[in-house]
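Engineer: Can you keep this structure in mind? I'll have questions shortly.
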Amino acid sequence: MIQRFLLLLLITSLSITKSLSQNRTSLGVKVGVNFTGFHTGTSTYTGEFGLNAGLIVDHKISNFLSIQPELIFNEKAGNYTIPGNEMVIRATSKVKYIDIPIMAKINILESINFQLGPQVGFLVAEKTEYNSDVVETTPKVLDLALNGGFGYQIKRNIFLQARYSYGVKEIFENENYKNSVISLSIGYKFQN
């Protein structure tokens, strides 16, 4: 098992080194807005807003396929129901993550691509409020999501992205809330 893993690692390293020497990898930056909310598996409300910004690495495997890992700061938020002794409190929880999506980009046309891939996120900040009062919550540090979307290459270096991120891991302990984010971004690639 270990020998197979080391062989696969060696082959992958050689192919990445070869493609880097052929100028198949470009670095870039992107920034945008998030329409965000929490979903429970049956319903989603994306009535909150946040920002996204980060770095991308676009690695071209062929004219048809690219792999694009990213390092993104994402602001997410949603309504959070807190059961009380006498009444139910609806609070707004704002969570901030460093997300690492790894997207497969399938080029449909020369300037249009379809994107699909997993994402892991790490919580960096959280604040839950009810009527301007801070409510204590304990969100989980790790978040997992599946992403899908489209990209449009405006010019050689400038691109647009529209993406939906569907959370698959609960945000809070013993609660069924998961992140749901629609992201619109504009980016710039530093071509080799």
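Naming works like this for the structure tokens: A, B, ... for the chains as they're shown, residue 1 at the start of each chain, ligands 1 onward in shown order.
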Restrict the calculation to only C-alpha atoms, then for each residue of range 57-101 of chain A with any atom at most 6 Å from an atom of range 28-40 of chain A give the closest atom pair and their distance in Å to one decimal, rows by chain and rising residue number, as JSON lines.

Structural biologist:
```
{"residue": "A:Lys76", "atom": "CA", "partner": "A:Thr36", "partner_atom": "CA", "distance": 5.7}
{"residue": "A:Ala77", "atom": "CA", "partner": "A:Gly37", "partner_atom": "CA", "distance": 5.4}
{"residue": "A:Gly78", "atom": "CA", "partner": "A:Gly37", "partner_atom": "CA", "distance": 4.1}
```

Engineer: Give me a file of those residues, with N, CA, C and O atoms, as a CSV table (one decimal), in the first residue's frame.

Structural biologist:
```
chain,number,residue,atom,x,y,z
A,76,LYS,N,-19.8,34.3,5.7
A,76,LYS,CA,-21.1,33.6,5.6
A,76,LYS,C,-22.0,34.0,6.8
A,76,LYS,O,-21.5,34.4,7.8
A,77,ALA,N,-23.3,33.8,6.6
A,77,ALA,CA,-24.2,34.2,7.7
A,77,ALA,C,-25.5,33.4,7.5
A,77,ALA,O,-25.8,33.0,6.4
A,78,GLY,N,-26.3,33.4,8.5
A,78,GLY,CA,-27.7,32.8,8.4
A,78,GLY,C,-28.5,33.0,9.7
A,78,GLY,O,-27.9,33.4,10.7
```

Engineer: Can you tell me, as a ChimeraX atom specification, what residues are no more than 10 Å from range 47-59 of chain A when counting only C-alpha atoms, ignoring any on the same chain fewer than 3 positions away?

Structural biologist: /A:16,19-20,23-38,44,62,65-79,92-105,181-190

Engineer: When DSSP works through the backbone of this structure, what residues of range 27-110 of chain A end up as strand (DSSP E), shown as number ranges by chain?

Structural biologist: A: 27-39, 44-60, 65-83, 88-107

Engineer: As an exercise, work out the distance from CA of Arg90 in chain A to CA of Gln119 in chain A in Å and give it to one decimal place.

Structural biologist: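 For CA of Arg90 in chain A relative to CA of Gln119 in chain A, the distance reads 28.2 Å.
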
Engineer: In Å, with one decimal, what is the gap from CA of Val124 in chain A to CA of Phe159 in chain A?

Structural biologist: 27.7 Å

Engineer: Check the smallest atom-to-atom distance from each of A:Tyr80, A:Lys169, A:Glu175, A:Ile158 to Leu146 in chain A using only C-alpha atoms, then report the winner.

Structural biologist: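 Closest residue, counting only C-alpha atoms: A:Lys169.
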